[in-house]
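Peer 1: To be precise about what I am sending: the file is called protein-v9.cif and holds mmCIF, C-alpha atoms and all ligand atoms.
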data_upload
loop_
_atom_site.label_atom_id
_atom_site.label_comp_id
_atom_site.auth_asym_id
_atom_site.auth_seq_id
_atom_site.Cartn_x
_atom_site.Cartn_y
_atom_site.Cartn_z
CA MET X 149 23.14 26.52 13.82
CA ILE X 150 21.27 25.95 10.58
CA THR X 151 17.52 26.12 9.98
CA VAL X 152 15.26 23.09 9.71
CA ASP X 153 14.73 23.66 5.97
CA ASP X 154 18.48 23.99 5.38
CA ALA X 155 19.14 20.82 7.33
CA ILE X 156 16.56 18.88 5.28
CA SER X 157 18.01 20.17 1.99
CA ARG X 158 21.57 19.38 3.04
CA ILE X 159 20.55 15.86 4.04
CA LEU X 160 18.54 15.25 0.85
CA ASN X 161 21.31 16.67 -1.36
CA ARG X 162 23.54 13.85 -0.18
CA ALA X 163 20.96 11.13 -0.81
CA ALA X 164 20.15 9.47 -4.14
CA PRO X 165 17.69 6.61 -4.61
CA LEU X 166 19.39 3.24 -4.15
CA GLY X 167 19.33 0.42 -6.69
CA THR X 168 16.60 -2.11 -7.34
CA GLU X 169 15.98 -5.77 -6.51
CA GLN X 170 13.48 -8.47 -7.41
CA VAL X 171 10.91 -9.62 -4.89
CA SER X 172 8.29 -12.32 -4.95
CA ILE X 173 4.77 -10.96 -5.25
CA SER X 174 4.12 -12.46 -1.82
CA ALA X 175 6.53 -9.93 -0.31
CA LEU X 176 5.81 -6.69 -2.13
CA VAL X 177 3.61 -4.85 0.39
CA GLY X 178 5.19 -1.55 1.42
CA ARG X 179 7.76 -1.64 -1.39
CA ILE X 180 8.08 0.90 -4.22
CA ALA X 181 7.77 -0.43 -7.78
CA ALA X 182 11.01 0.33 -9.64
CA THR X 183 9.63 -0.07 -13.15
CA ASP X 184 6.28 -0.13 -14.93
CA VAL X 185 4.85 -3.65 -14.61
CA LYS X 186 3.15 -4.89 -17.80
CA ALA X 187 0.62 -7.70 -17.87
CA GLU X 188 1.99 -10.95 -19.35
CA ILE X 189 -1.52 -12.12 -20.24
CA THR X 190 -4.98 -10.76 -20.98
CA GLN X 191 -7.39 -11.10 -18.06
CA PRO X 192 -9.79 -12.78 -18.26
CA PRO X 193 -7.90 -14.68 -20.96
CA TYR X 194 -11.19 -15.77 -22.63
CA ALA X 195 -14.87 -14.83 -22.62
CA ALA X 196 -16.19 -16.52 -19.47
CA SER X 197 -19.59 -17.19 -18.02
CA ALA X 198 -20.43 -15.04 -15.00
CA MET X 199 -23.15 -17.48 -13.87
CA ASP X 200 -24.12 -21.14 -13.67
CA GLY X 201 -26.57 -21.86 -16.50
CA TYR X 202 -26.70 -22.56 -20.24
CA ALA X 203 -24.66 -20.95 -23.02
CA VAL X 204 -26.98 -20.18 -25.93
CA ARG X 205 -27.49 -17.83 -28.87
CA GLN X 206 -29.19 -14.62 -27.80
CA ALA X 207 -31.55 -14.91 -30.77
CA ASP X 208 -32.91 -18.11 -29.15
CA VAL X 209 -33.74 -16.69 -25.74
CA LEU X 210 -37.46 -16.23 -26.06
CA LYS X 211 -39.79 -17.20 -23.22
CA GLY X 212 -41.07 -20.72 -23.89
CA ALA X 213 -38.23 -21.61 -26.33
CA LYS X 214 -36.94 -25.19 -26.12
CA LEU X 215 -33.22 -25.85 -26.70
CA ARG X 216 -31.23 -29.09 -26.90
CA ILE X 217 -28.17 -29.53 -24.61
CA ILE X 218 -25.19 -30.63 -26.72
CA GLY X 219 -22.40 -30.61 -24.13
CA GLU X 220 -20.96 -29.01 -21.06
CA ALA X 221 -18.34 -26.34 -20.22
CA PRO X 222 -17.26 -26.39 -16.58
CA ALA X 223 -14.50 -23.94 -15.50
CA GLY X 224 -11.18 -25.39 -16.70
CA THR X 225 -12.60 -27.62 -19.47
CA PRO X 226 -13.82 -25.78 -22.58
CA PHE X 227 -16.46 -27.31 -24.84
CA ASP X 228 -14.84 -27.72 -28.23
CA GLY X 229 -17.93 -27.72 -30.46
CA GLU X 230 -20.15 -24.87 -31.56
CA VAL X 231 -23.53 -23.71 -30.24
CA LYS X 232 -25.81 -23.77 -33.28
CA PRO X 233 -29.35 -22.31 -33.38
CA GLY X 234 -31.67 -24.31 -31.11
CA SER X 235 -28.88 -25.76 -28.99
CA ALA X 236 -27.33 -25.00 -25.60
CA VAL X 237 -24.23 -25.95 -23.62
CA ARG X 238 -24.42 -26.52 -19.89
CA ILE X 239 -21.97 -23.98 -18.46
CA TYR X 240 -20.71 -23.02 -15.01
CA THR X 241 -19.33 -19.78 -13.56
CA GLY X 242 -15.87 -19.23 -15.03
CA GLY X 243 -16.42 -21.69 -17.90
CA VAL X 244 -15.24 -20.70 -21.39
CA VAL X 245 -18.18 -19.45 -23.48
CA PRO X 246 -18.29 -21.84 -26.45
CA ALA X 247 -18.14 -20.72 -30.08
CA GLY X 248 -21.52 -19.62 -31.38
CA ALA X 249 -22.89 -18.66 -27.94
CA ASP X 250 -23.34 -15.01 -26.99
CA TYR X 251 -25.64 -15.35 -23.98
CA VAL X 252 -25.88 -17.37 -20.75
CA VAL X 253 -29.33 -18.02 -19.41
CA ILE X 254 -29.11 -18.67 -15.67
CA GLN X 255 -30.28 -22.05 -14.49
CA GLU X 256 -33.00 -20.52 -12.27
CA ASP X 257 -34.72 -19.26 -15.46
CA VAL X 258 -35.04 -22.66 -17.18
CA SER X 259 -36.73 -26.00 -16.60
CA ARG X 260 -34.93 -29.11 -17.77
CA ASP X 261 -36.22 -32.41 -19.01
CA GLY X 262 -33.39 -34.77 -20.01
CA ASP X 263 -31.44 -33.06 -22.82
CA ILE X 264 -34.03 -30.34 -23.34
CA ILE X 265 -34.29 -27.02 -21.51
CA CYS X 266 -37.21 -24.66 -21.68
CA ILE X 267 -36.73 -20.94 -21.05
CA GLU X 268 -39.30 -20.05 -18.39
CA ALA X 269 -38.55 -16.37 -17.73
CA GLU X 270 -38.41 -13.29 -19.95
CA GLN X 271 -34.73 -12.38 -20.57
CA SER X 272 -33.45 -8.85 -20.47
CA GLY X 273 -30.28 -7.01 -19.51
CA SER X 274 -26.83 -8.55 -19.10
CA SER X 275 -25.63 -11.42 -21.26
CA ASN X 276 -23.96 -12.92 -18.14
CA ILE X 277 -20.73 -13.13 -20.15
CA ARG X 278 -17.44 -11.52 -19.13
CA ALA X 279 -15.60 -10.50 -22.28
CA ALA X 280 -11.90 -11.40 -22.56
CA GLY X 281 -9.67 -8.57 -21.31
CA ILE X 282 -12.27 -6.61 -19.31
CA ASP X 283 -9.77 -6.46 -16.42
CA PHE X 284 -6.65 -5.76 -18.50
CA LEU X 285 -4.98 -6.71 -21.78
CA LYS X 286 -1.59 -8.32 -22.32
CA GLY X 287 0.98 -5.47 -22.28
CA ASP X 288 -1.18 -3.07 -20.23
CA VAL X 289 0.70 -1.27 -17.43
CA ILE X 290 -0.92 -2.73 -14.32
CA VAL X 291 1.48 -1.07 -11.83
CA LYS X 292 3.25 2.22 -12.57
CA ALA X 293 6.90 2.80 -11.60
CA GLY X 294 7.01 4.63 -8.25
CA THR X 295 3.79 3.09 -6.92
CA SER X 296 3.78 2.33 -3.22
CA LEU X 297 2.64 -1.28 -3.27
CA HIS X 298 -0.30 -2.30 -1.10
CA GLU X 299 -2.01 -5.52 -0.03
CA ILE X 300 -3.89 -6.04 -3.32
CA HIS X 301 -0.95 -5.56 -5.74
CA GLY X 302 0.22 -9.16 -5.18
CA SER X 303 -3.08 -10.41 -6.57
CA ILE X 304 -3.04 -7.94 -9.47
CA CYS X 305 0.43 -9.17 -10.51
CA ALA X 306 -0.56 -12.82 -9.99
CA ALA X 307 -3.61 -12.39 -12.26
CA ALA X 308 -1.26 -10.91 -14.87
CA ASN X 309 0.91 -14.05 -14.55
CA ILE X 310 3.86 -12.21 -12.97
CA PRO X 311 5.47 -14.06 -10.04
CA LYS X 312 8.24 -11.50 -9.26
CA ILE X 313 8.66 -7.77 -9.73
CA GLU X 314 11.45 -5.22 -9.60
CA VAL X 315 11.26 -2.92 -6.57
CA MET X 316 13.48 -0.23 -5.09
CA ARG X 317 16.01 -1.53 -2.60
CA ARG X 318 15.07 -0.76 1.01
CA PRO X 319 17.55 1.58 2.68
CA LYS X 320 19.43 -0.24 5.43
CA VAL X 321 19.43 1.95 8.52
CA ALA X 322 21.83 0.74 11.22
CA PHE X 323 21.22 2.41 14.55
CA PHE X 324 22.56 2.20 18.06
CA ALA X 325 21.81 3.76 21.42
CA ASN X 326 24.62 5.35 23.36
CA GLY X 327 24.95 5.81 27.09
CA ASP X 328 26.42 4.00 30.11
CA GLU X 329 23.10 4.54 31.88
CA LEU X 330 21.05 2.38 29.50
CA VAL X 331 19.62 -1.06 30.25
CA GLU X 332 17.17 -3.14 28.22
CA PRO X 333 13.46 -3.46 29.14
CA GLY X 334 12.90 -6.14 31.79
CA GLU X 335 16.35 -5.77 33.40
CA ASP X 336 16.76 -4.58 37.01
CA LEU X 337 17.75 -0.91 37.25
CA SER X 338 20.71 0.08 39.42
CA PRO X 339 20.84 3.67 40.71
CA GLY X 340 21.34 6.11 37.83
CA GLN X 341 20.18 3.70 35.15
CA ILE X 342 17.40 4.28 32.62
CA VAL X 343 15.64 1.93 30.21
CA ASN X 344 16.65 2.12 26.53
CA SER X 345 13.27 3.09 25.10
CA ASN X 346 14.37 4.89 21.92
CA ARG X 347 15.22 1.66 20.14
CA TYR X 348 11.57 0.63 19.76
CA ALA X 349 10.09 3.80 18.29
CA LEU X 350 13.06 4.22 15.96
CA SER X 351 12.92 0.68 14.67
CA ALA X 352 9.17 0.84 14.00
CA MET X 353 9.36 4.28 12.35
CA ILE X 354 12.23 3.26 10.04
CA LYS X 355 10.20 0.22 8.97
CA ALA X 356 7.06 2.32 8.43
CA TRP X 357 9.02 4.67 6.15
CA GLY X 358 10.23 1.79 3.99
CA GLY X 359 13.66 1.28 5.55
CA GLU X 360 15.24 -1.84 6.99
CA PRO X 361 16.15 -1.13 10.61
CA ILE X 362 19.28 -2.86 11.87
CA TYR X 363 19.74 -2.47 15.60
CA LEU X 364 23.42 -2.64 16.45
CA GLY X 365 22.87 -2.55 20.20
CA ARG X 366 23.69 -0.34 23.13
CA ALA X 367 27.11 1.34 23.10
CA PRO X 368 28.79 2.49 26.31
CA ASP X 369 30.40 5.92 26.69
CA ASP X 370 33.74 4.69 25.39
CA VAL X 371 35.33 6.05 22.22
CA THR X 372 37.02 2.78 21.26
CA VAL X 373 33.80 0.81 21.54
CA LEU X 374 31.84 3.55 19.76
CA CYS X 375 34.33 3.32 16.86
CA GLN X 376 33.50 -0.39 16.61
CA TYR X 377 29.78 0.44 16.38
CA PHE X 378 30.42 2.84 13.49
CA GLU X 379 32.56 0.20 11.78
CA GLN X 380 29.83 -2.42 12.21
CA GLY X 381 27.33 -0.09 10.58
CA GLN X 382 29.38 0.63 7.48
CA ASP X 383 27.56 -1.84 5.26
CA ALA X 384 24.37 0.09 5.89
CA ASP X 385 23.18 3.04 3.82
CA VAL X 386 22.63 5.17 6.91
CA ILE X 387 23.96 4.96 10.47
CA VAL X 388 21.90 6.60 13.21
CA PRO X 389 23.63 6.96 16.57
CA ILE X 390 21.13 8.04 19.25
CA GLY X 391 22.36 10.05 22.22
CA GLY X 392 25.75 11.46 23.10
CA ALA X 393 25.06 14.17 20.54
CA SER X 394 25.40 17.13 22.82
CA VAL X 395 28.34 18.90 24.42
CA GLY X 396 28.75 17.00 27.73
CA ASP X 397 32.11 15.50 28.77
CA TYR X 398 30.69 12.02 28.07
CA ASP X 399 29.21 12.85 24.66
CA TYR X 400 31.80 10.79 22.78
CA VAL X 401 29.83 9.88 19.68
CA LYS X 402 31.19 12.58 17.35
CA MET X 403 34.73 11.94 18.63
CA ALA X 404 34.45 8.29 17.62
CA PHE X 405 32.85 9.34 14.32
CA SER X 406 35.85 11.49 13.38
CA ASP X 407 38.28 8.78 14.60
CA VAL X 408 36.82 6.38 12.02
CA GLY X 409 37.21 8.97 9.27
CA GLY X 410 33.77 10.56 9.45
CA GLU X 411 33.25 13.97 7.87
CA ILE X 412 30.78 16.37 9.48
CA ASP X 413 28.28 18.27 7.32
CA PHE X 414 26.52 20.10 10.18
CA THR X 415 26.34 19.77 13.96
CA LYS X 416 23.36 21.76 15.19
CA ILE X 417 19.89 22.67 14.00
CA ALA X 418 17.81 25.61 15.24
CA VAL X 419 14.96 23.32 16.24
CA LYS X 420 13.29 22.45 19.51
CA PRO X 421 13.43 19.67 20.45
CA GLY X 422 16.47 18.37 18.62
CA LYS X 423 19.15 21.06 18.65
CA PRO X 424 22.09 18.60 18.90
CA THR X 425 21.04 16.70 15.73
CA TRP X 426 24.08 16.32 13.47
CA PHE X 427 24.85 14.93 10.03
CA GLY X 428 27.85 13.67 8.08
CA ASN X 429 29.21 10.63 6.31
CA ILE X 430 31.76 7.87 6.63
CA ASP X 431 32.70 7.16 3.02
CA LYS X 432 29.40 6.36 1.27
CA THR X 433 27.45 5.77 4.48
CA LEU X 434 25.41 8.76 5.63
CA VAL X 435 25.36 9.37 9.38
CA LEU X 436 22.50 11.18 11.10
CA GLY X 437 23.10 11.65 14.83
CA LEU X 438 19.96 12.12 16.93
CA PRO X 439 19.71 13.44 20.49
CA GLY X 440 19.10 10.89 23.26
CA ASN X 441 16.11 12.54 24.91
CA PRO X 442 13.20 10.36 23.77
CA ALA X 443 10.90 13.13 22.47
CA SER X 444 13.89 14.77 20.74
CA ALA X 445 14.89 11.46 19.11
CA ILE X 446 11.33 10.80 17.87
CA VAL X 447 10.68 14.34 16.58
CA THR X 448 14.07 14.62 14.83
CA ALA X 449 13.63 11.17 13.31
CA ALA X 450 10.24 12.27 11.92
CA LEU X 451 11.62 15.57 10.60
CA PHE X 452 15.02 14.53 9.23
CA LEU X 453 15.36 10.74 9.05
CA GLN X 454 11.96 10.21 7.43
CA PRO X 455 12.66 12.24 4.24
CA LEU X 456 16.13 10.68 4.03
CA VAL X 457 14.85 7.09 4.25
CA ARG X 458 12.06 7.84 1.81
CA LYS X 459 14.35 9.50 -0.72
CA LEU X 460 16.84 6.61 -0.62
CA GLY X 461 13.93 4.25 -1.26
CA ALA X 462 12.52 6.47 -4.09
CA ASP X 463 9.31 6.99 -2.11
CA VAL X 464 8.00 10.45 -2.98
CA THR X 465 5.87 10.72 0.20
CA ARG X 466 7.08 13.55 2.45
CA PRO X 467 5.75 14.89 5.77
CA VAL X 468 2.82 17.15 4.86
CA ARG X 469 1.94 20.38 6.67
CA GLU X 470 -1.78 20.89 7.27
CA ILE X 471 -3.73 23.66 8.98
CA ALA X 472 -5.52 23.00 12.28
CA GLU X 473 -7.36 25.07 14.85
CA LEU X 474 -5.77 25.27 18.29
CA ALA X 475 -7.86 23.82 21.11
CA GLU X 476 -5.74 25.60 23.77
CA PRO X 477 -3.68 28.80 23.80
CA ILE X 478 0.09 28.47 23.27
CA ARG X 479 3.03 30.67 24.24
CA ALA X 480 5.20 32.79 21.96
CA ASN X 481 8.14 30.91 20.45
CA GLY X 482 11.85 31.69 20.84
CA ARG X 483 14.80 31.45 18.47
CA ARG X 484 14.46 27.81 17.42
CA GLU X 485 11.72 26.43 15.17
CA LEU X 486 9.47 24.62 17.63
CA TYR X 487 7.60 21.33 17.25
CA LEU X 488 5.00 20.83 19.97
CA ARG X 489 3.53 17.39 20.46
CA GLY X 490 -0.24 17.41 20.03
CA GLN X 491 -3.32 15.40 19.27
CA ILE X 492 -4.80 16.15 15.84
CA ILE X 493 -8.52 15.42 15.67
CA GLY X 494 -11.24 15.86 13.04
CA GLU X 495 -11.17 15.66 9.27
CA THR X 496 -8.85 17.33 6.76
CA GLY X 497 -10.09 20.87 6.20
CA ARG X 498 -11.58 21.04 9.72
CA LEU X 499 -8.76 19.85 11.94
CA LYS X 500 -8.31 20.69 15.60
CA VAL X 501 -5.15 20.15 17.59
CA VAL X 502 -4.77 19.77 21.34
CA PRO X 503 -1.20 20.52 22.47
CA ALA X 504 0.21 18.16 25.12
CA VAL X 505 0.31 19.85 28.51
CA ASN X 506 3.98 19.10 29.20
CA GLN X 507 6.39 19.48 26.29
CA ASP X 508 9.61 18.41 28.04
CA SER X 509 11.86 16.60 25.57
CA SER X 510 12.38 13.65 27.93
CA LEU X 511 8.69 12.69 27.93
CA LEU X 512 7.21 9.69 26.13
CA SER X 513 3.76 9.57 27.74
CA PRO X 514 2.38 12.54 25.68
CA PHE X 515 2.89 10.39 22.55
CA GLY X 516 0.19 8.05 23.86
CA ASN X 517 -2.36 10.58 22.57
CA ALA X 518 -0.21 12.87 20.46
CA ASN X 519 -0.36 11.81 16.83
CA GLY X 520 1.27 14.91 15.40
CA LEU X 521 3.38 18.01 15.77
CA ILE X 522 2.46 21.69 15.84
CA ARG X 523 5.05 23.68 13.89
CA ARG X 524 5.94 27.12 15.24
CA GLU X 525 8.25 29.44 13.37
CA VAL X 526 11.11 31.28 15.03
CA GLU X 527 9.76 34.16 17.20
CA ALA X 528 6.13 33.21 16.38
CA PRO X 529 3.70 35.14 18.64
CA ALA X 530 1.50 33.68 21.37
CA LEU X 531 -1.76 32.26 20.02
CA ASN X 532 -5.24 31.78 21.44
CA ALA X 533 -7.62 28.85 21.27
CA GLY X 534 -9.28 28.98 17.85
CA ASP X 535 -6.21 30.37 16.07
CA GLU X 536 -4.76 28.42 13.15
CA VAL X 537 -1.45 26.56 13.26
CA GLU X 538 0.50 24.24 10.97
CA VAL X 539 0.51 20.58 11.95
CA ILE X 540 2.37 17.51 10.72
CA ARG X 541 1.05 14.02 11.36
CA LEU X 542 3.31 11.48 13.03
CA ARG X 543 0.87 8.66 12.41
N1 LIG H 601 25.19 22.41 28.17
C1 LIG H 601 24.33 21.90 27.29
N2 LIG H 601 23.69 20.78 27.63
C2 LIG H 601 22.80 20.25 26.79
C3 LIG H 601 22.56 20.89 25.56
C4 LIG H 601 23.29 22.04 25.21
O1 LIG H 601 23.14 22.64 24.14
N3 LIG H 601 24.18 22.49 26.13
N4 LIG H 601 21.61 20.37 24.75
C5 LIG H 601 20.53 19.69 25.43
C6 LIG H 601 19.64 19.11 24.48
S1 LIG H 601 18.70 20.18 23.61
C7 LIG H 601 19.45 17.79 24.39
S2 LIG H 601 18.23 17.17 23.34
C8 LIG H 601 20.22 16.82 25.15
C9 LIG H 601 20.61 15.69 24.19
O2 LIG H 601 21.80 15.25 24.45
P1 LIG H 601 22.47 13.94 23.93
O3 LIG H 601 22.11 13.62 22.56
O4 LIG H 601 23.91 14.06 24.23
O5 LIG H 601 21.77 12.82 24.77
P2 LIG H 601 22.26 12.10 26.07
O6 LIG H 601 22.99 13.04 26.93
O7 LIG H 601 22.91 10.85 25.66
O8 LIG H 601 20.86 11.77 26.68
C10 LIG H 601 19.92 12.75 26.99
C11 LIG H 601 18.84 12.14 27.88
O9 LIG H 601 18.17 11.12 27.18
C12 LIG H 601 18.28 9.87 27.86
N5 LIG H 601 18.52 8.81 26.85
C13 LIG H 601 19.60 8.71 26.06
N6 LIG H 601 19.48 7.63 25.26
C14 LIG H 601 18.31 7.06 25.57
C15 LIG H 601 17.63 5.92 25.08
N7 LIG H 601 18.17 5.13 24.12
N8 LIG H 601 16.44 5.60 25.61
C16 LIG H 601 15.90 6.39 26.58
N9 LIG H 601 16.50 7.49 27.07
C17 LIG H 601 17.68 7.81 26.58
C18 LIG H 601 19.50 10.03 28.70
O10 LIG H 601 19.50 9.17 29.80
C19 LIG H 601 19.40 11.50 29.11
O11 LIG H 601 18.50 11.64 30.18
O12 LIG H 601 21.34 17.44 25.72
C20 LIG H 601 21.00 18.66 26.42
N10 LIG H 601 22.14 19.12 27.12
O1 LIG H 602 16.63 20.22 21.77
MO1 LIG H 602 16.68 19.16 23.07
O2 LIG H 602 16.23 18.08 21.85
O3 LIG H 602 15.38 20.26 23.51
O4 LIG H 602 15.77 18.52 24.32
#
Have the structure of the file written as structure tokens, please.
Peer 2:
Amino acid sequence: MITVDDAISRILNRAAPLGTEQVSISALVGRIAATDVKAEITQPPYAASAMDGYAVRQADVLKGAKLRIIGEAPAGTPFDGEVKPGSAVRIYTGGVVPAGADYVVIQEDVSRDGDIICIEAEQSGSSNIRAAGIDFLKGDVIVKAGTSLHEIHGSICAAANIPKIEVMRRPKVAFFANGDELVEPGEDLSPGQIVNSNRYALSAMIKAWGGEPIYLGRAPDDVTVLCQYFEQGQDADVIVPIGGASVGDYDYVKMAFSDVGGEIDFTKIAVKPGKPTWFGNIDKTLVLGLPGNPASAIVTAALFLQPLVRKLGADVTRPVREIAELAEPIRANGRRELYLRGQIIGETGRLKVVPAVNQDSSLLSPFGNANGLIRREVEAPALNAGDEVEVIRLR
């Protein structure tokens, strides 16, 4: 058996970031920028009025001054003359500030009589003009390579006149559930059957980590059929078989894996839950086998699949260990690194964690509240409420 840290390094040593692809700016959320993105234009492209009013020369804006309107500059249609002393151009928010003008007096501060305006209020403070380029200049880096792209980046790129950008390719993660006992949610259960629940958490987690989950289906305990599942997954970057990882007479997954030419890297990790987790490759496709017990599948996915998916996608985010205060006492640990499910509450720096009462690796209900894991080293001593532990967030 290898340690958790060894397993993570061995997995990551085999993984290099994948290539890049272009996506429309309407589909960039959650992707990782592959290159620096430089603005194609200056924004705003011209000095623009921030208010509805009159573009004038600042030297003219004295209370009581009368100015003659010589034209208008609505947004989209610049005025092509020049504002000379004593004149004004009717302007609207977003309109191009005409030559000669360096101030916009808001319409609330003037009275108008035909072509003449009179400045009624003392002017001070802002010119109400947005200078060209106050957002960014042509050629500025508006998104750095490696940025995890969020909801607003589409608008930032659009404003910079960029309709498509280069992002890292999403790792394709093909996964299947193994076991004769499995049926899909909503089906009737015959004696001995159990609902295939792992599929849902796995699919959502892979997506959340920036991967593209591809569910291959439910494979029976049959080596020939399992071989077909591995073959179907070979276009993916990673194949994740769930279940059949252990040593039972019906745990056929690794048999099928070697029948299709798979090479094992390791077969067991000193971790609880998740001991039967195994890793290898079929040609260029990495294969990470997870145990079938639901809590084991979820915890091992978070510990081992997450860094793999993120590294393939060039996402530098990794599970972070934080310190939290125990709300309940916990027992001494044994010979495997232990990950207890727990509810992390409070703010960073003052976290508390409440361990789930039952830590059996078949249980899903504790995850209703549990949002994280308590990490316990091999042979760690019993701890009391109030003692500090390391925690890792699941969500
Ligand atoms: N003699 C030994 N027995 C077991 C060992 C061992 O070292 N020696 N390891 C145990 C550990 S630890 C684990 S974890 C389990 C995992 O075994 P498998 O990966 O082979 O998982 P299965 O046997 O296929 O299933 C275990 C359990 O989980 C249920 N299951 C499976 N797939 C799903 C799914 N998609 N959705 C919901 N539930 C699923 C399955 O019905 C079983 O109840 O092995 C121990 N045994
Ligand atoms: O290690 Mo298994 O994953 O405890 O239940």
Peer 1: Have a look at atom N6 of ligand LIG 601 (chain H) and CA of Glu332 (chain X) and let me know their distance in Å, one decimal.
Peer 2: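 Computing the Euclidean distance for atom N6 of ligand LIG 601 (chain H) and CA of Glu332 (chain X) yields 11.4 Å.
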Peer 1: Return the single residue from X:Ala182, X:Gly440, X:Phe324, X:Ile159 that is closest to Lys292 (chain X), with distances computed using only C-alpha atoms.
Peer 2: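 Of X:Ala182, X:Gly440, X:Phe324, X:Ile159, the one nearest Lys292 (chain X), counting only C-alpha atoms, is X:Ala182.
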Peer 1: Just give me the residues with any atom within 8 Å of (10.2, 4.1, -16.8), file coordinates, counting all atoms listed in the file, written as a VMD selection string.
Peer 2: chain X and resid 183 to 184 293
Peer 1: Hey, can you pull every residue with an atom no more than 8 Å from (15.4, 12.5, 22.8), using all atoms listed in the file, and send it as a PDB file with C-alpha atoms, in the coordinates of the input?
Peer 2:
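Saved as out-v5.pdb:
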ATOM      1  CA  ASN X 346      14.370   4.890  21.920  1.00  0.00           C
ATOM      2  CA  GLY X 391      22.360  10.050  22.220  1.00  0.00           C
ATOM      3  CA  PRO X 421      13.430  19.670  20.450  1.00  0.00           C
ATOM      4  CA  GLY X 422      16.470  18.370  18.620  1.00  0.00           C
ATOM      5  CA  LEU X 438      19.960  12.120  16.930  1.00  0.00           C
ATOM      6  CA  PRO X 439      19.710  13.440  20.490  1.00  0.00           C
ATOM      7  CA  GLY X 440      19.100  10.890  23.260  1.00  0.00           C
ATOM      8  CA  ASN X 441      16.110  12.540  24.910  1.00  0.00           C
ATOM      9  CA  PRO X 442      13.200  10.360  23.770  1.00  0.00           C
ATOM     10  CA  ALA X 443      10.900  13.130  22.470  1.00  0.00           C
ATOM     11  CA  SER X 444      13.890  14.770  20.740  1.00  0.00           C
ATOM     12  CA  ALA X 445      14.890  11.460  19.110  1.00  0.00           C
ATOM     13  CA  ILE X 446      11.330  10.800  17.870  1.00  0.00           C
ATOM     14  CA  SER X 509      11.860  16.600  25.570  1.00  0.00           C
ATOM     15  CA  SER X 510      12.380  13.650  27.930  1.00  0.00           C
TER      16      SER X 510
END
Peer 1: Please identify all polymer residues within 8 Å of Tyr363 (chain X), counting only C-alpha atoms, omitting same-chain residues fewer than 3 positions from it, and present them as a compact mmCIF listing (two decimals) with C-alpha atoms, in the coordinates of the input.
Peer 2:
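Writing done, so here's result.txt:
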# COMPACT_ATOMS: atom_id res chain seq x y z
CA ALA X 322 21.83 0.74 11.22
CA PHE X 323 21.22 2.41 14.55
CA PHE X 324 22.56 2.20 18.06
CA ARG X 347 15.22 1.66 20.14
CA SER X 351 12.92 0.68 14.67
